[in-house]
Every structure is written in structure tokens, then in C-alpha cells.
file entry.txt (compact mmCIF, C-alpha atoms)
# COMPACT_ATOMS: atom_id res chain seq x y z
CA MET A 1 130.42 127.63 77.06
CA HIS A 2 133.65 127.31 75.08
CA ASN A 3 134.81 123.71 74.49
CA ASN A 4 138.18 124.32 76.17
CA THR A 5 136.41 125.67 79.27
CA LYS A 6 134.20 122.56 79.39
CA LYS A 7 137.27 120.32 79.24
CA LYS A 8 138.99 122.24 82.02
CA LEU A 9 135.93 122.14 84.29
CA ASN A 10 135.48 118.43 83.61
CA SER A 11 139.14 117.77 84.48
CA ILE A 12 138.76 119.71 87.74
CA LYS A 13 135.56 117.82 88.59
CA LYS A 14 137.21 114.42 88.04
CA TYR A 15 140.25 115.52 90.05
CA ILE A 16 137.99 116.46 92.98
CA GLN A 17 136.14 113.13 92.81
CA ARG A 18 139.43 111.18 92.84
CA ASN A 19 140.95 113.08 95.76
CA TYR A 20 138.04 114.16 97.99
CA LYS A 21 138.14 111.06 100.21
CA ASN A 22 141.75 111.82 101.17
CA TRP A 23 141.12 115.57 101.53
CA VAL A 24 138.43 114.96 104.15
CA LYS A 25 141.05 113.15 106.26
CA GLU A 26 143.74 115.79 105.69
CA TYR A 27 141.97 119.16 105.95
CA PRO A 28 140.03 120.17 109.10
CA ASN A 29 136.34 121.12 108.84
CA LEU A 30 136.03 120.23 105.13
CA ILE A 31 132.40 119.66 104.09
CA GLY A 32 132.53 119.91 100.28
CA ALA A 33 134.45 120.88 97.13
CA TYR A 34 133.47 121.91 93.60
CA PRO A 35 134.86 123.60 90.45
CA GLY A 36 134.22 127.34 90.68
CA GLU A 37 135.54 130.76 89.76
CA LYS A 38 138.37 132.16 91.88
CA ILE A 39 137.38 135.20 93.97
CA THR A 40 140.03 137.66 95.21
CA SER A 41 139.10 140.60 97.49
CA GLY A 42 135.46 140.00 96.70
CA GLU A 43 135.97 140.17 92.93
CA TYR A 44 135.64 137.35 90.41
CA THR A 45 138.98 136.80 88.65
CA GLY A 46 137.81 134.80 85.62
CA ARG A 47 140.08 131.91 86.67
CA TYR A 48 138.56 128.55 87.51
CA SER A 49 139.62 127.00 90.78
CA ILE A 50 138.89 124.20 93.24
CA VAL A 51 136.55 125.73 95.80
CA PHE A 52 136.75 124.12 99.24
CA MET A 53 133.78 124.57 101.58
CA VAL A 54 134.66 124.46 105.28
CA SER A 55 132.43 124.72 108.36
CA LYS A 56 135.03 126.91 110.08
CA LYS A 57 138.09 128.80 108.87
CA GLN A 58 141.17 128.35 111.02
CA LYS A 59 144.07 130.80 111.12
CA LYS A 60 146.60 128.03 111.76
CA PRO A 61 145.08 124.68 110.70
CA ALA A 62 147.01 121.46 111.35
CA LYS A 63 147.33 121.12 107.58
CA ALA A 64 146.52 124.04 105.30
CA ILE A 65 144.80 123.61 101.94
CA PRO A 66 147.43 124.29 99.22
CA LYS A 67 147.05 127.49 97.21
CA HIS A 68 147.44 125.55 93.95
CA PHE A 69 146.94 122.01 92.69
CA GLU A 70 148.69 120.54 89.67
CA LEU A 71 146.47 118.40 87.46
CA VAL A 72 146.29 117.16 83.89
CA VAL A 73 143.81 118.99 81.67
CA SER A 74 142.64 117.16 78.55
CA LYS A 75 144.97 117.93 75.61
CA LYS A 76 146.59 120.76 77.62
CA GLY A 77 148.96 118.77 79.78
CA LYS A 78 149.73 119.70 83.39
CA LYS A 79 148.21 122.92 84.67
CA LYS A 80 148.29 124.71 88.01
CA VAL A 81 144.74 125.27 89.28
CA PRO A 82 144.28 127.68 92.21
CA SER A 83 142.20 126.84 95.26
CA ASP A 84 139.66 128.93 97.11
CA VAL A 85 138.30 128.39 100.63
CA ILE A 86 134.85 129.55 101.71
CA LYS A 87 132.92 129.11 104.92
CA SER A 88 129.57 127.39 104.49
CA LYS A 89 126.95 125.82 106.72
CA ARG A 90 126.89 122.05 106.82
CA ILE A 91 124.55 120.65 104.19
CA ILE A 92 121.30 119.15 105.45
CA PHE A 93 120.12 116.53 102.97
CA ARG A 94 116.44 116.55 102.04
CA THR A 95 115.13 113.05 102.67
CA ALA A 96 112.06 111.03 103.61
CA ASN A 97 112.55 108.77 106.61
CA LEU A 98 110.82 106.21 108.78
CA ALA A 99 108.24 107.57 111.26
CA ASP A 100 107.53 110.50 108.92
CA LYS A 101 103.92 111.55 108.45
CA ILE A 102 102.19 109.71 105.59
CA LYS A 103 98.74 110.36 104.14
CA ARG A 104 96.65 110.21 101.03
CA LYS A 105 96.54 113.68 99.53
CA SER A 106 92.74 113.68 99.36
CA LEU A 107 92.29 112.77 103.06
CA ASN A 108 92.85 114.63 106.32
CA ASP A 109 93.73 111.59 108.44
CA PHE A 110 97.35 110.45 108.52
CA GLY A 111 99.62 107.78 109.92
CA SER A 112 103.33 107.06 110.17
CA ASN A 113 105.63 105.74 107.47
CA GLY A 114 106.72 102.34 108.78
CA ILE A 115 109.27 100.89 106.38
CA PHE A 116 110.64 101.26 102.88
CA LEU A 117 110.39 98.22 100.63
CA ARG A 118 112.35 97.45 97.49
CA LYS A 119 111.41 95.59 94.34
CA GLY A 120 114.09 95.91 91.67
CA GLN A 121 114.86 99.62 91.30
CA ARG A 122 111.52 100.73 92.74
CA ILE A 123 111.21 101.89 96.36
CA TYR A 124 107.91 101.80 98.23
CA ALA A 125 106.78 103.47 101.45
CA CYS A 126 104.71 101.09 103.58
CA THR A 127 102.08 101.84 106.22
CA ASN A 128 98.64 100.43 107.09
CA ALA A 129 95.83 100.04 104.59
CA HIS A 130 93.54 101.71 107.13
CA VAL A 131 95.79 104.81 106.91
CA LEU A 132 95.80 105.14 103.11
CA LEU A 133 92.58 103.31 102.18
CA PRO A 134 89.98 103.94 104.91
CA ASP A 135 87.27 104.57 102.29
CA MET A 136 87.92 101.12 100.77
CA ILE A 137 87.62 99.47 104.18
CA ASP A 138 84.47 101.44 105.04
CA ALA A 139 82.95 100.16 101.79
CA GLY A 140 83.71 96.57 102.81
CA GLN A 141 86.51 96.08 100.26
CA THR A 142 89.66 94.24 101.26
CA TYR A 143 92.07 94.74 98.33
CA PHE A 144 93.30 97.60 96.15
CA PHE A 145 95.75 97.56 93.24
CA LYS A 146 96.67 100.19 90.65
CA PRO A 147 99.14 99.25 87.86
CA ILE A 148 102.14 101.51 87.39
CA ASN A 149 101.01 102.57 83.91
CA GLN A 150 97.85 103.99 85.50
CA GLN A 151 99.68 105.90 88.23
CA ILE A 152 99.48 109.30 86.55
CA GLN A 153 99.46 111.74 89.46
CA PRO A 154 101.05 111.28 92.93
CA THR A 155 98.28 110.43 95.41
CA VAL A 156 100.31 110.04 98.63
CA SER A 157 102.50 112.53 100.49
CA ILE A 158 105.22 111.89 103.06
CA SER A 159 106.21 114.83 105.25
CA ASN A 160 109.27 114.95 107.46
CA ARG A 161 109.63 116.95 110.67
CA GLN A 162 111.32 119.81 108.80
CA GLY A 163 108.09 120.30 106.82
CA GLU A 164 109.49 118.96 103.55
CA THR A 165 107.07 116.84 101.52
CA PHE A 166 107.74 113.96 99.12
CA ASP A 167 105.40 112.42 96.56
CA ALA A 168 104.40 108.79 96.12
CA TYR A 169 101.85 106.80 94.12
CA LEU A 170 99.42 104.53 95.98
CA GLN A 171 99.88 101.13 94.34
CA GLU A 172 98.53 98.33 96.50
CA GLY A 173 96.75 97.73 99.78
CA VAL A 174 95.25 94.80 101.66
CA PHE A 175 92.96 94.53 104.68
CA ASP A 176 92.59 90.78 105.05
CA GLY A 177 95.09 88.66 106.95
CA ILE A 178 97.31 91.74 107.24
CA ASP A 179 96.64 95.49 107.25
CA ALA A 180 99.21 97.11 104.97
CA ALA A 181 99.58 99.32 101.91
CA ILE A 182 102.47 100.45 99.73
CA ALA A 183 103.08 103.65 97.76
CA ARG A 184 105.77 103.90 95.08
CA MET A 185 108.18 106.75 95.75
CA ASP A 186 108.21 109.32 92.95
CA ASP A 187 111.98 109.75 93.30
CA PRO A 188 113.98 106.97 95.06
CA ALA A 189 116.73 109.53 95.71
CA ASP A 190 114.38 111.16 98.25
CA VAL A 191 114.66 108.14 100.55
CA GLY A 192 116.83 108.59 103.64
CA ASN A 193 115.52 105.45 105.39
CA ARG A 194 116.53 106.43 108.92
CA LEU A 195 114.87 105.57 112.20
CA PRO A 196 114.90 108.99 113.92
CA GLY A 197 117.45 109.01 116.70
CA PHE A 198 118.61 105.45 115.99
CA GLY A 199 120.00 104.93 112.47
CA ARG A 200 119.09 102.75 109.51
CA PRO A 201 117.37 99.35 109.84
CA THR A 202 119.79 96.43 109.81
CA GLY A 203 117.40 93.67 108.74
CA ILE A 204 114.26 91.90 109.92
CA ILE A 205 113.26 89.69 112.84
CA LYS A 206 110.40 87.21 112.78
CA ILE A 207 108.61 87.27 116.13
CA ASP A 208 106.82 84.17 117.46
CA SER A 209 105.45 83.01 120.83
CA SER A 210 108.94 82.02 122.00
CA ASP A 211 109.95 85.71 121.94
CA GLU A 212 107.75 86.68 124.88
CA GLY A 213 109.54 89.37 126.91
CA LEU A 214 111.70 90.57 123.99
CA PHE A 215 112.47 94.30 124.23
CA VAL A 216 111.10 96.27 121.27
CA GLN A 217 110.83 99.95 120.36
CA MET A 218 108.57 102.08 118.20
CA ALA A 219 109.27 105.33 116.39
CA GLY A 220 106.00 107.13 115.65
CA PHE A 221 105.20 110.46 114.03
CA VAL A 222 102.96 111.50 116.95
CA THR A 223 104.42 109.75 120.00
CA GLY A 224 108.03 109.61 118.88
CA ALA A 225 110.14 106.95 120.60
CA SER A 226 108.27 104.44 122.76
CA GLU A 227 109.38 101.10 124.15
CA GLY A 228 107.98 97.92 125.63
CA ASN A 229 108.12 94.14 125.41
CA VAL A 230 106.57 91.39 123.32
CA GLU A 231 103.68 89.89 125.32
CA ASN A 232 102.23 87.49 122.78
CA ALA A 233 102.41 86.54 119.11
CA GLY A 234 100.31 84.71 116.54
CA LEU A 235 97.09 86.52 117.51
CA THR A 236 94.01 86.68 115.29
CA ILE A 237 91.47 89.50 115.65
CA SER A 238 88.16 90.39 114.01
CA THR A 239 87.74 93.45 111.75
CA PRO A 240 84.74 95.70 110.96
CA ILE A 241 84.24 93.68 107.76
CA PRO A 242 82.24 90.49 108.48
CA GLY A 243 84.30 87.35 107.89
CA VAL A 244 87.56 89.26 107.52
CA PHE A 245 90.30 88.76 110.14
CA LEU A 246 93.88 89.90 110.78
CA HIS A 247 96.30 87.11 111.66
CA ASP A 248 99.69 86.56 113.30
CA LEU A 249 99.61 89.88 115.15
CA ILE A 250 102.23 90.66 117.78
CA GLU A 251 100.98 92.01 121.11
CA THR A 252 103.33 94.43 122.88
CA SER A 253 103.33 96.73 125.91
CA ILE A 254 104.37 99.70 123.75
CA PHE A 255 102.29 102.86 124.18
CA SER A 256 100.98 104.41 120.95
CA ARG A 257 98.45 107.03 119.93
CA LYS A 258 96.29 107.97 116.95
CA GLY A 259 98.64 108.95 114.13
CA ASP A 260 101.23 106.29 115.07
CA SER A 261 99.49 103.67 112.91
CA GLY A 262 102.06 102.19 110.52
CA SER A 263 105.06 103.14 112.70
CA PRO A 264 108.17 100.92 112.55
CA VAL A 265 108.74 98.55 115.49
CA PHE A 266 112.28 97.26 115.95
CA THR A 267 114.74 95.62 118.32
CA ASN A 268 117.75 97.24 120.00
CA THR A 269 119.86 95.97 117.05
CA LEU A 270 117.53 97.89 114.67
CA LYS A 271 115.97 94.78 113.17
CA ILE A 272 112.43 95.49 111.99
CA ALA A 273 109.74 93.38 113.66
CA GLY A 274 106.79 94.98 111.87
CA ILE A 275 104.56 98.04 111.76
CA VAL A 276 102.03 99.30 114.29
CA LEU A 277 98.43 98.26 113.69
CA GLY A 278 97.11 100.31 116.59
CA GLY A 279 96.71 100.64 120.33
CA PHE A 280 93.61 98.97 121.75
CA ASP A 281 94.00 100.35 125.26
CA ASP A 282 96.50 102.43 127.20
CA ALA A 283 98.94 99.58 127.70
CA LYS A 284 98.90 97.47 124.53
CA THR A 285 99.88 98.03 120.90
CA TYR A 286 99.44 95.42 118.20
CA ILE A 287 101.98 94.92 115.42
CA VAL A 288 101.62 93.62 111.84
CA PRO A 289 104.63 91.27 111.39
CA ILE A 290 107.28 92.20 108.85
CA ASP A 291 107.59 88.72 107.34
CA GLN A 292 103.90 88.71 106.39
CA ILE A 293 104.24 92.14 104.75
CA LEU A 294 107.27 91.10 102.68
CA LYS A 295 105.57 87.87 101.66
CA PHE A 296 102.37 89.55 100.53
CA PHE A 297 103.95 92.35 98.50
CA GLN A 298 106.83 90.17 97.22
CA CYS A 299 109.35 92.83 98.20
CA ASP A 300 112.55 93.04 100.24
CA LEU A 301 113.14 95.38 103.14
CA PHE A 302 115.05 98.36 101.81
CA ILE A 303 118.32 98.84 103.72
CA ASN A 304 120.44 101.10 101.52
CA PHE A 305 121.27 101.83 97.89
call {"tool": "encode", "arguments": {"input": "entry.txt", "output": "C-alpha cells"}}
result
Amino acid sequence: MHNNTKKKLNSIKKYIQRNYKNWVKEYPNLIGAYPGEKITSGEYTGRYSIVFMVSKKQKKPAKAIPKHFELVVSKKGKKKVPSDVIKSKRIIFRTANLADKIKRKSLNDFGSNGIFLRKGQRIYACTNAHVLLPDMIDAGQTYFFKPINQQIQPTVSISNRQGETFDAYLQEGVFDGIDAAIARMDDPADVGNRLPGFGRPTGIIKIDSSDEGLFVQMAGFVTGASEGNVENAGLTISTPIPGVFLHDLIETSIFSRKGDSGSPVFTNTLKIAGIVLGGFDDAKTYIVPIDQILKFFQCDLFINF
């Protein structure tokens, strides 16, 4: 590409970035803009323009997009740059979210992605250890850790409801005191971090025995949305491994099913209370508390970039 063309395209790109916020307010149905070649009567003209993408073309919009924009091109001074308007479908961003399906690539069983955790610039998906490390638990082991420099191939997949799959590296898991595991996201830009049908988490809430009756909700990959109340907190239960117990569990009246393990549990203000351990009968689901998860992995709850 000729150097002058590069400069012109770069000037157009910067002009779009500076003005797009105002354009969205001014021009109806605008969903995007980019530097592109002007098309007239279906033919490319060889002239670069500002291409506006709209969800619907209107014959008489409240405010029409100008046919030209005047901007400064590097070392060329002010230039008139034509515009072009095309109809395009609204962009659907490809992201991994909470309550998506999560599994180890080598296993058939799966659970639900409960929360995203953050440590520095690294983002981790978090679910139960019994979801990602059932073989470890069956062998009587309670702890797994793999250093980042040994994480060569992605070992965990997260699949959203559109069938898109995202890679992660199983890094750490524990089945003693708590039941949780984390997998480092291959690309943090893949993370959407939304509770389906609700929005993004707003923070955390530490549940104790004084919160009996508190309304809580679950979003699971299998069951979807389910709701109930806190019935007890601070519970300790036995595990299949002799001498190993899970502590500080939260008992709720939420209904859950196989495949919901690891699902996020949250309040009506979208504060995360923890992740689903499992349902022990038709009317009770036990929750691993969020504060214990954050403490063990020395991470923060990921809210947004």
C-alpha cells in the first residue's frame, strides 16, 4: 500500500474514533463506521470514504448523514472525504459468559462456568473441582496445580449457547475445605462475563447464618434460571475421601440438576454469593461461598475490563 494511502486511511480512522460517540446520538440506526472504498451504483470508485453501517435505511431520517466530511489528512491539509451508507445486521459479539458449559477436553462430563476471576492481567474461569478434576478426586487426591510455563495446550473448553467454544488452561483445583477449580482463559478478550438474562455481576456478598431467608438466584447451563432462599450457612459435610470435608457451605431451596455444578448464585442486585456445589435432593442446593474461593485462589472477582 502506498504511503500516502496509509496516511489517508489512518487519518480517516482517527477521525471516526474521535466522532463516533456523537454520531451514534445524531444518526438513527447507526451500528458502526469504518474507512472503506466508496461504491456508486454497485461499482467501486477507487475513492476512500467513511462507511456508515446502519440497521435500517430511512428515506427521511431525522438527521441525514452528510455526503462529505472535511478532515485534516497528514501533510495534505484539509480534504473532503465522501461518506457511504450500507445496511448491515447488528453485530453479535463472540464471548464466553457465566452459566456457559465448561468441561475438560478429555472428559465427557461437564458443569457450568460459575464466575470469572482476575489476577493481574490474567482472567480465570471458575467452576467446581469435581467438574474439571473428577479423576483426581476418584484417586483420593485433594489438590492440583500446573504452573503457567507448563500450560502448553488448552485443556478446558467453555461453550456458549450459540455453540461457540473458547479455550482455557486448567491451572489449579482443590477438593478440601472448598470444591473449586480455575482455568486460565486463552484470550481474555473472549470474556463477556454476563449472567444470562440479568447482566454483569456487581460485586460479592458474604452469606452467614444471619442471612436466613435471603432471596437468591442461580443461572445454570442445564436448568437455566432458578430461584430460592438461603436456609442455612456455615455447614460442613463429608466427602468421598476419608478425612476430607467441605466447610462453610450455604444451604438454599434452589432447584438444580446434573450439569448445573459450578453455576453462579447471586442476589437480586447481582452480587455473587458463590457457585453451586450440587443438589442433594429435589428441594436443596448447596453453595460454595465466594469469599472462600477468592481467599484460596488469591484472586478478585472479575467485573469488567
call {"tool": "atom_distance", "arguments": {"input": "entry.txt", "atom1": "atom CA of A:Glu227", "atom2": "atom CA of A:Phe215"}}
result
7.5 Å
call {"tool": "residues_around", "arguments": {"input": "entry.txt", "residues": "A:Glu164", "least_positions_apart": "3", "cutoff": "12 Å", "atoms": "all atoms listed in the file", "output": "list in words"}}
result
Ile92, Phe93, Arg94, Thr95, Ala96, Asn97, Asp100, Lys101, Ile102, Ser157, Ile158, Ser159, Asn160, Arg161, Asp167 and Asp190 of chain A
call {"tool": "axis_aligned_box", "arguments": {"input": "entry.txt", "around": "stretch 211-218 of chain A", "padding_each_side": "5 Å", "output": "lines of an AutoDock Vina configuration file"}}
result
center_x = 110.1
center_y = 93.9
center_z = 122.6
size_x = 14.7
size_y = 26.4
size_z = 18.7
call {"tool": "atom_distance", "arguments": {"input": "entry.txt", "atom1": "atom CA of A:Gly213", "atom2": "atom CA of A:Ser238"}}
result
25.0 Å
call {"tool": "closest_atom_pairs", "arguments": {"input": "entry.txt", "of": "stretch 211-236 of chain A", "to": "stretch 254-268 of chain A", "cutoff": "10 Å", "atoms": "all atoms listed in the file", "output": "tab-separated table"}}
result
residue	atom	partner	partner_atom	distance
A:Leu214	CA	A:Thr267	CA	8.2
A:Phe215	CA	A:Thr267	CA	6.5
A:Val216	CA	A:Thr267	CA	4.7
A:Gln217	CA	A:Phe266	CA	5.4
A:Met218	CA	A:Val265	CA	4.5
A:Ala219	CA	A:Pro264	CA	6.0
A:Gly220	CA	A:Asp260	CA	4.9
A:Phe221	CA	A:Asp260	CA	5.9
A:Val222	CA	A:Gly259	CA	5.8
A:Thr223	CA	A:Ser256	CA	6.4
A:Gly224	CA	A:Asp260	CA	8.5
A:Ala225	CA	A:Ser256	CA	9.5
A:Ser226	CA	A:Ile254	CA	6.2
A:Glu227	CA	A:Ile254	CA	5.2
A:Gly228	CA	A:Ile254	CA	4.4
A:Asn229	CA	A:Ile254	CA	6.9
A:Val230	CA	A:Ile254	CA	8.6
A:Glu231	CA	A:Ile254	CA	10.0
call {"tool": "write_last_selection", "arguments": {"input": "entry.txt", "atoms": "C-alpha atoms", "output": "compact mmCIF listing (two decimals), in the coordinates of the input"}}
result
# COMPACT_ATOMS: atom_id res chain seq x y z
CA LEU A 214 111.70 90.57 123.99
CA PHE A 215 112.47 94.30 124.23
CA VAL A 216 111.10 96.27 121.27
CA GLN A 217 110.83 99.95 120.36
CA MET A 218 108.57 102.08 118.20
CA ALA A 219 109.27 105.33 116.39
CA GLY A 220 106.00 107.13 115.65
CA PHE A 221 105.20 110.46 114.03
CA VAL A 222 102.96 111.50 116.95
CA THR A 223 104.42 109.75 120.00
CA GLY A 224 108.03 109.61 118.88
CA ALA A 225 110.14 106.95 120.60
CA SER A 226 108.27 104.44 122.76
CA GLU A 227 109.38 101.10 124.15
CA GLY A 228 107.98 97.92 125.63
CA ASN A 229 108.12 94.14 125.41
CA VAL A 230 106.57 91.39 123.32
CA GLU A 231 103.68 89.89 125.32
call {"tool": "closest_residue", "arguments": {"input": "entry.txt", "among": "A:Pro188, A:Gly173, A:Gly278, A:Gly203", "to": "A:Leu132", "atoms": "all atoms listed in the file"}}
result
A:Gly173
call {"tool": "residues_around", "arguments": {"input": "entry.txt", "residues": "A:Val288", "least_positions_apart": "6", "cutoff": "10 Å", "atoms": "all atoms listed in the file", "output": "PDB file with C-alpha atoms, keeping the file's coordinate frame"}}
result
ATOM      1  CA  THR A 127     102.080 101.840 106.220  1.00  0.00           C
ATOM      2  CA  ASN A 128      98.640 100.430 107.090  1.00  0.00           C
ATOM      3  CA  GLY A 177      95.090  88.660 106.950  1.00  0.00           C
ATOM      4  CA  ILE A 178      97.310  91.740 107.240  1.00  0.00           C
ATOM      5  CA  ASP A 179      96.640  95.490 107.250  1.00  0.00           C
ATOM      6  CA  ALA A 180      99.210  97.110 104.970  1.00  0.00           C
ATOM      7  CA  LEU A 246      93.880  89.900 110.780  1.00  0.00           C
ATOM      8  CA  HIS A 247      96.300  87.110 111.660  1.00  0.00           C
ATOM      9  CA  ASP A 248      99.690  86.560 113.300  1.00  0.00           C
ATOM     10  CA  LEU A 249      99.610  89.880 115.150  1.00  0.00           C
ATOM     11  CA  ILE A 250     102.230  90.660 117.780  1.00  0.00           C
ATOM     12  CA  GLU A 251     100.980  92.010 121.110  1.00  0.00           C
ATOM     13  CA  GLY A 262     102.060 102.190 110.520  1.00  0.00           C
ATOM     14  CA  PRO A 264     108.170 100.920 112.550  1.00  0.00           C
ATOM     15  CA  VAL A 265     108.740  98.550 115.490  1.00  0.00           C
ATOM     16  CA  ALA A 273     109.740  93.380 113.660  1.00  0.00           C
ATOM     17  CA  GLY A 274     106.790  94.980 111.870  1.00  0.00           C
ATOM     18  CA  ILE A 275     104.560  98.040 111.760  1.00  0.00           C
ATOM     19  CA  VAL A 276     102.030  99.300 114.290  1.00  0.00           C
ATOM     20  CA  LEU A 277      98.430  98.260 113.690  1.00  0.00           C
ATOM     21  CA  GLY A 278      97.110 100.310 116.590  1.00  0.00           C
TER      22      GLY A 278
END
call {"tool": "residues_around", "arguments": {"input": "entry.txt", "residues": "A:Ile290", "least_positions_apart": "4", "cutoff": "9 Å", "atoms": "all atoms listed in the file", "output": "list of chain:residue names"}}
result
A:Ile204, A:Ile205, A:Lys206, A:Ile207, A:Ile272, A:Ala273, A:Gly274, A:Ile275, A:Leu294, A:Lys295, A:Leu301
call {"tool": "atom_distance", "arguments": {"input": "entry.txt", "atom1": "atom CA of A:Pro134", "atom2": "atom CA of A:Lys146"}}
result
16.2 Å
call {"tool": "closest_residue", "arguments": {"input": "entry.txt", "among": "A:Ala33, A:Val131, A:Ile123, A:Ser88", "to": "A:Gly111", "atoms": "all atoms listed in the file"}}
result
A:Val131
call {"tool": "residues_near_point", "arguments": {"input": "entry.txt", "point": "(108.7, 96.4, 93.4)", "cutoff": "10 Å", "atoms": "only C-alpha atoms", "output": "PDB file with C-alpha atoms, keeping the file's coordinate frame"}}
result
ATOM      1  CA  LEU A 117     110.390  98.220 100.630  1.00  0.00           C
ATOM      2  CA  ARG A 118     112.350  97.450  97.490  1.00  0.00           C
ATOM      3  CA  LYS A 119     111.410  95.590  94.340  1.00  0.00           C
ATOM      4  CA  GLY A 120     114.090  95.910  91.670  1.00  0.00           C
ATOM      5  CA  GLN A 121     114.860  99.620  91.300  1.00  0.00           C
ATOM      6  CA  ARG A 122     111.520 100.730  92.740  1.00  0.00           C
ATOM      7  CA  ILE A 123     111.210 101.890  96.360  1.00  0.00           C
ATOM      8  CA  TYR A 124     107.910 101.800  98.230  1.00  0.00           C
ATOM      9  CA  ILE A 182     102.470 100.450  99.730  1.00  0.00           C
ATOM     10  CA  ARG A 184     105.770 103.900  95.080  1.00  0.00           C
ATOM     11  CA  PHE A 297     103.950  92.350  98.500  1.00  0.00           C
ATOM     12  CA  GLN A 298     106.830  90.170  97.220  1.00  0.00           C
ATOM     13  CA  CYS A 299     109.350  92.830  98.200  1.00  0.00           C
ATOM     14  CA  ASP A 300     112.550  93.040 100.240  1.00  0.00           C
TER      15      ASP A 300
END
call {"tool": "residues_around", "arguments": {"input": "entry.txt", "residues": "A:Lys79", "least_positions_apart": "5", "cutoff": "12 Å", "atoms": "all atoms listed in the file", "output": "number ranges by chain"}}
result
A: 8, 11-12, 48-49, 68-74
call {"tool": "residues_around", "arguments": {"input": "entry.txt", "residues": "A:Met136", "least_positions_apart": "5", "cutoff": "10 Å", "atoms": "all atoms listed in the file", "output": "list in words"}}
result
Ala129, His130, Gln141, Thr142, Tyr143, Phe144, Gly173, Val174 and Phe175 of chain A
call {"tool": "closest_residue", "arguments": {"input": "entry.txt", "among": "A:Lys284, A:Arg194, A:Lys57, A:Lys105", "to": "A:Asn29", "atoms": "only C-alpha atoms"}}
result
A:Lys57
call {"tool": "residues_near_point", "arguments": {"input": "entry.txt", "point": "(138.4, 116.5, 106.0)", "cutoff": "12 Å", "atoms": "all atoms listed in the file", "output": "number ranges by chain"}}
result
A: 19-33, 52-56, 61-65
call {"tool": "closest_residue", "arguments": {"input": "entry.txt", "among": "A:Phe145, A:Phe198, A:Tyr15, A:Tyr286", "to": "A:Leu98", "atoms": "all atoms listed in the file"}}
result
A:Phe198
call {"tool": "build_atoms", "arguments": {"input": "entry.txt", "residues": "stretch 209-221 of chain A", "atoms": "N, CA and C atoms", "output": "mmCIF file, keeping the file's coordinate frame"}}
result
data_model
loop_
_atom_site.group_PDB
_atom_site.id
_atom_site.type_symbol
_atom_site.label_atom_id
_atom_site.label_comp_id
_atom_site.auth_asym_id
_atom_site.auth_seq_id
_atom_site.Cartn_x
_atom_site.Cartn_y
_atom_site.Cartn_z
ATOM 1 N N SER A 209 105.819 83.097 119.417
ATOM 2 C CA SER A 209 105.450 83.010 120.830
ATOM 3 C C SER A 209 106.649 82.762 121.738
ATOM 4 N N SER A 210 107.745 82.255 121.182
ATOM 5 C CA SER A 210 108.940 82.020 122.000
ATOM 6 C C SER A 210 109.677 83.308 122.344
ATOM 7 N N ASP A 211 109.282 84.427 121.716
ATOM 8 C CA ASP A 211 109.950 85.710 121.940
ATOM 9 C C ASP A 211 109.280 86.556 123.017
ATOM 10 N N GLU A 212 108.412 85.942 123.824
ATOM 11 C CA GLU A 212 107.750 86.680 124.880
ATOM 12 C C GLU A 212 108.790 87.336 125.800
ATOM 13 N N GLY A 213 108.603 88.615 126.070
ATOM 14 C CA GLY A 213 109.540 89.370 126.910
ATOM 15 C C GLY A 213 110.591 90.120 126.125
ATOM 16 N N LEU A 214 110.696 89.887 124.812
ATOM 17 C CA LEU A 214 111.700 90.570 123.990
ATOM 18 C C LEU A 214 111.470 92.083 124.006
ATOM 19 N N PHE A 215 112.542 92.835 124.220
ATOM 20 C CA PHE A 215 112.470 94.300 124.230
ATOM 21 C C PHE A 215 112.327 94.814 122.810
ATOM 22 N N VAL A 216 111.327 95.673 122.583
ATOM 23 C CA VAL A 216 111.100 96.270 121.270
ATOM 24 C C VAL A 216 110.817 97.765 121.436
ATOM 25 N N GLN A 217 111.028 98.508 120.348
ATOM 26 C CA GLN A 217 110.830 99.950 120.360
ATOM 27 C C GLN A 217 110.003 100.382 119.159
ATOM 28 N N MET A 218 109.332 101.484 119.292
ATOM 29 C CA MET A 218 108.570 102.080 118.200
ATOM 30 C C MET A 218 109.062 103.490 117.969
ATOM 31 N N ALA A 219 109.040 103.925 116.713
ATOM 32 C CA ALA A 219 109.270 105.330 116.390
ATOM 33 C C ALA A 219 108.043 105.810 115.633
ATOM 34 N N GLY A 220 107.235 106.670 116.254
ATOM 35 C CA GLY A 220 106.000 107.130 115.650
ATOM 36 C C GLY A 220 106.028 108.609 115.356
ATOM 37 N N PHE A 221 105.234 109.041 114.375
ATOM 38 C CA PHE A 221 105.200 110.460 114.030
ATOM 39 C C PHE A 221 104.618 111.287 115.162
#
